[in-house]
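So the structure is just underneath, and the comments pick up after that.
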Amino acid sequence: MKSLGSIARKFPEAFALALLVIACFAAPLITGPEAPWAGLLVSPTALDLPSALSPPGLQHWMGTDYLGRDLFSRLLHGGRSSLGIATTSAILALLLGAMIGLWAGHEGGWIDLWAGRLIEAADSLPTLMLALVAAASGLGRGAMPIILIVAATRWTDSARVARAEALRWRNSLHRQSAQAAGASAPRLLLRHLLPIALPMLATACAITAAETLVLEASLGLIGFGVEPPCPTWGNLLLDARTTIDVAWWPAIFPGAAMFVAVAGFLAAARQTRPQRLQLRQSGRVGAVPGLR
Amino acid sequence: MTGYLLRRALASLPTLLLVMGVMFLLLQGLPGDPAEVRLGGEESRPTDRAAVEHLRREFGLDRSVGVQALDWVRRCVLFDFGLSFSDRSAVGPKVARALWATAVLNGSALLLLLVCSLFAGLWLAVRSGTFLERGAGHLLAVLSVVPAAWGALLLQRFLAVDLGWFPLLGAGPAGAGSGEGLLAPRIAYLCVPVLAFAYRGTALYTLLVREAFVEALHADHVMAARARGLPTRLLYLRHALGAASRTLITTSAPLARALVAGNVVIESVFAWPGAGRLLVESVLQRDYPVLMALTWISILFTLGWILLADLILGWVDPRLRLHDSEGAGV
């Protein structure tokens, strides 16, 4: 049994991200009068104009913004939306990409050829631009358009990875034995191929999550994010931007949280990779020529 | 050579068509008619149907979708984008001004990035393993993760507000156009956006270049050259620099795109009148001609750069030419 401390030392970034996620998603439990542990946190949208733009202190741990809203509360509640958007779209992109990639690599032939074309094509679509157009066009400025657009354009990373894994696996002894044993196509894909591809897919997924987090922040910063009263880290940065000449604290904290989250996702992406290499070294995947 | 170029150009044709096609369909399919936006603003719908119809005819939006699509193809090929929907000025000069502002900002940033990452990368590679090098490596790794949206705000706050060395935002002294004006005050406006644009890429590229340098300096032929007593300076210049430039060239496509695409975040934070801001404005205004022109130029530039990078790569590293008989004459 490993202690929390040793995990924190081994995976500092991921540990910090986990803490952040727990804090953000537990925030509603301690916010507002009806919550189980009421009164620990002010509502993220409660206005307190007399104490607008007060610096960090005992009353407001991270200070208040230009409308006197508590920034600590907004940071935690904003994290729910931002992290939610990032992980949901990354998982959607992963599912879509993995399905297309694994299937294409497994089938081969003209299906694979067309899937390759499709990946290239989707890759050349500008995500930020599409998100801008969608936000400006009255499709709604909620989280959903952002999630759908990211999923529709960023599935290509997972698809590439999945396809590469499937192609390597196609001619392996592993597949031949599984097929000889009478495994059906779905069983081949899900039971035999998917576990092999999973670590690399997780890597791709984590990178997409980090990218989406940054995208949401960028959209928020330029005023095209989720509709304003709802706190997200991007919207917090937008508020910070408008008061940057008089207050530093609205910019520091949400950005720092974003930094921790991005670093955590990227560290998770790094840490899922060697596991696969380990697998291959122990001979379970089979040596693959031409691949480092 | 010509045949090679031609084949490469043809190969990128589907990408061009797809991106422009998606843009076109997107603009067609999305709610919000340019004529209504012009007459009614963001919220209210205009009541004067005749005026809307008149404007639609003027914009050419009353024609069938197919005719409009063909018209776009013609305009893209001829680089004649007509008049902007928002202020009826010619799209060409308008886009050119924005692209110039973006190119000034991003060009300086990329120059800074290249110079810094080459020197810092070499320095780190030479001092590989020392305490200082490890510290700098960690610092760069951290820096490369700092999101640009946050970094820009921090730099703006620290350099322009706390230290007061640079102006907060804008592209030059009030009222100055893009062409005239003194150089020195304009450079002051340029500094913080350039830093905000460059820091992340510089960190990433320094790490990349360090890897390439370390690898190059440990290669057999470099070891042999060192054993022969080749001066260290030449060692770095002839061998290591070549290896590092290969890395830089092969990974330069996103940088090239950045050169014309305009960074929406940086340009918004610093109120820089570049292509990124123009993009946001024209999306809000449903200014289709400007949107089309910006998209078209940015794709053309990116694809052209990838082609150019291949040619330069063949020039820097002759081994790569052997694989393609057509490219052998490069």
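Ordered as shown in the structure tokens, chains take letters A, B, and onward, while each chain numbers its residues from 1 and ligands are numbered from 1 in the order shown.
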Using only C-alpha atoms and a distance of at most 9 Å, pull out the residues of chain A that contact chain B, as number ranges by chain. A: 120-122, 124-126, 129-130, 132-134, 136-139, 214, 217-219, 221-222, 234, 237, 240-241, 244-248, 251-252, 254-256, 258-260, 262-263, 266
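The space separating CA of Gly201 in chain B from CA of Ala159 in chain A comes to 26.3 Å.
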With distances taken over only C-alpha atoms, which residue among B:Gly137, B:Pro93, B:Gly229, B:Gly121 lies nearest Ala293 in chain B? B:Pro93
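Excluding range 61-63 of chain A itself and any same-chain residue fewer than 4 positions from it, the protein and nucleic acid residues within 9 Å of it, counting only C-alpha atoms, are Ala52, Leu53, Ser54, Pro55, Pro56, Gly57, Gly68, Arg69, Asp70, Leu71, Phe72, Ser73, Leu75, Trp249, Pro250 and Phe253 of chain A.
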Check range 21-236 of chain B with DSSP on the backbone and list each residue it calls helix (DSSP H, G or I), as a PyMOL selection string. chain B and resi 21-29+34-40+49-59+65-78+91-126+131-143+148-162+183-217+220-228+232-236
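Compared by their closest atoms to Met223 in chain B, and using only C-alpha atoms, the residues B:Leu235, B:Ala136, B:Val37, B:Leu83 rank with B:Leu235 nearest.
For the set B:Ala275, B:Leu110, B:Phe213, B:Leu208, the residue with the smallest atom-to-atom gap to Val194 in chain B is B:Leu110, counting only C-alpha atoms.
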Neighbours of range 58-64 of chain B within 10 Å (only C-alpha atoms; same-chain residues fewer than 2 positions away dropped), as a ChimeraX atom specification? /B:28,33-35,52-56,66-69,71,82-85,88,288-289
Could you save those same residues with N, CA and C atoms as a PDB file, in the first residue's frame?
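Final file, part06.pdb:
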ATOM      1  N   GLN B  28     -22.692  29.250 -45.200  1.00  0.00           N
ATOM      2  CA  GLN B  28     -24.015  29.097 -45.797  1.00  0.00           C
ATOM      3  C   GLN B  28     -25.033  28.588 -44.784  1.00  0.00           C
ATOM      4  N   ASP B  33     -27.879  36.166 -41.209  1.00  0.00           N
ATOM      5  CA  ASP B  33     -27.667  36.604 -42.580  1.00  0.00           C
ATOM      6  C   ASP B  33     -26.864  37.908 -42.572  1.00  0.00           C
ATOM      7  N   PRO B  34     -25.818  38.000 -43.396  1.00  0.00           N
ATOM      8  CA  PRO B  34     -24.981  39.204 -43.387  1.00  0.00           C
ATOM      9  C   PRO B  34     -25.798  40.484 -43.587  1.00  0.00           C
ATOM     10  N   ALA B  35     -26.764  40.436 -44.498  1.00  0.00           N
ATOM     11  CA  ALA B  35     -27.549  41.642 -44.767  1.00  0.00           C
ATOM     12  C   ALA B  35     -28.351  42.041 -43.533  1.00  0.00           C
ATOM     13  N   VAL B  52     -33.402  44.789 -46.828  1.00  0.00           N
ATOM     14  CA  VAL B  52     -32.630  43.560 -46.657  1.00  0.00           C
ATOM     15  C   VAL B  52     -32.421  42.878 -48.004  1.00  0.00           C
ATOM     16  N   GLU B  53     -33.530  42.786 -48.774  1.00  0.00           N
ATOM     17  CA  GLU B  53     -33.436  42.142 -50.087  1.00  0.00           C
ATOM     18  C   GLU B  53     -32.459  42.888 -50.978  1.00  0.00           C
ATOM     19  N   HIS B  54     -32.523  44.229 -50.912  1.00  0.00           N
ATOM     20  CA  HIS B  54     -31.635  45.046 -51.727  1.00  0.00           C
ATOM     21  C   HIS B  54     -30.173  44.752 -51.383  1.00  0.00           C
ATOM     22  N   LEU B  55     -29.895  44.683 -50.071  1.00  0.00           N
ATOM     23  CA  LEU B  55     -28.522  44.446 -49.624  1.00  0.00           C
ATOM     24  C   LEU B  55     -28.060  43.039 -49.998  1.00  0.00           C
ATOM     25  N   ARG B  56     -28.999  42.091 -49.885  1.00  0.00           N
ATOM     26  CA  ARG B  56     -28.651  40.725 -50.262  1.00  0.00           C
ATOM     27  C   ARG B  56     -28.254  40.656 -51.733  1.00  0.00           C
ATOM     28  N   GLY B  66     -24.888  27.117 -55.620  1.00  0.00           N
ATOM     29  CA  GLY B  66     -23.891  26.668 -56.579  1.00  0.00           C
ATOM     30  C   GLY B  66     -23.181  27.831 -57.256  1.00  0.00           C
ATOM     31  N   VAL B  67     -23.964  28.819 -57.681  1.00  0.00           N
ATOM     32  CA  VAL B  67     -23.375  29.985 -58.336  1.00  0.00           C
ATOM     33  C   VAL B  67     -22.438  30.709 -57.378  1.00  0.00           C
ATOM     34  N   GLN B  68     -22.874  30.851 -56.131  1.00  0.00           N
ATOM     35  CA  GLN B  68     -22.018  31.520 -55.147  1.00  0.00           C
ATOM     36  C   GLN B  68     -20.716  30.763 -54.943  1.00  0.00           C
ATOM     37  N   ALA B  69     -20.821  29.423 -54.893  1.00  0.00           N
ATOM     38  CA  ALA B  69     -19.619  28.619 -54.690  1.00  0.00           C
ATOM     39  C   ALA B  69     -18.641  28.818 -55.843  1.00  0.00           C
ATOM     40  N   ASP B  71     -18.477  31.321 -57.773  1.00  0.00           N
ATOM     41  CA  ASP B  71     -17.971  32.678 -57.675  1.00  0.00           C
ATOM     42  C   ASP B  71     -16.789  32.741 -56.712  1.00  0.00           C
ATOM     43  N   GLY B  82     -13.283  41.309 -53.885  1.00  0.00           N
ATOM     44  CA  GLY B  82     -14.397  42.234 -53.935  1.00  0.00           C
ATOM     45  C   GLY B  82     -14.412  43.211 -52.777  1.00  0.00           C
ATOM     46  N   LEU B  83     -15.643  43.589 -52.372  1.00  0.00           N
ATOM     47  CA  LEU B  83     -15.799  44.597 -51.328  1.00  0.00           C
ATOM     48  C   LEU B  83     -16.192  43.939 -50.020  1.00  0.00           C
ATOM     49  N   SER B  84     -15.693  44.501 -48.949  1.00  0.00           N
ATOM     50  CA  SER B  84     -16.034  44.013 -47.624  1.00  0.00           C
ATOM     51  C   SER B  84     -17.496  44.304 -47.328  1.00  0.00           C
ATOM     52  N   PHE B  85     -18.187  43.341 -46.684  1.00  0.00           N
ATOM     53  CA  PHE B  85     -19.591  43.562 -46.340  1.00  0.00           C
ATOM     54  C   PHE B  85     -19.739  44.670 -45.296  1.00  0.00           C
ATOM     55  N   ARG B  88     -17.756  48.198 -46.954  1.00  0.00           N
ATOM     56  CA  ARG B  88     -17.724  48.353 -48.395  1.00  0.00           C
ATOM     57  C   ARG B  88     -16.386  48.882 -48.919  1.00  0.00           C
ATOM     58  N   TYR B 288     -18.224  37.915 -45.035  1.00  0.00           N
ATOM     59  CA  TYR B 288     -17.753  36.722 -45.756  1.00  0.00           C
ATOM     60  C   TYR B 288     -16.531  36.962 -46.630  1.00  0.00           C
ATOM     61  N   PRO B 289     -16.495  38.040 -47.419  1.00  0.00           N
ATOM     62  CA  PRO B 289     -15.312  38.200 -48.287  1.00  0.00           C
ATOM     63  C   PRO B 289     -14.004  38.263 -47.501  1.00  0.00           C
TER      64      PRO B 289
END
Give me the residues within 9 Å of Asp310 in chain B as a VMD selection string, counting only C-alpha atoms and dropping any in the same chain fewer than 5 places off. chain B and resid 249 to 250 305 315
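Of the listed residues (B:Ala125, B:Val104, B:Leu294, B:Ala271), B:Ala125 comes nearest to Ala216 in chain B; the distances count only C-alpha atoms.
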How many Å separate CA of Cys230 in chain A from CA of Leu215 in chain A? 17.0 Å
Could you work out how far CA of Ala204 in chain A lies from CA of Gln176 in chain A, giving the answer in Å with one decimal? 27.5 Å
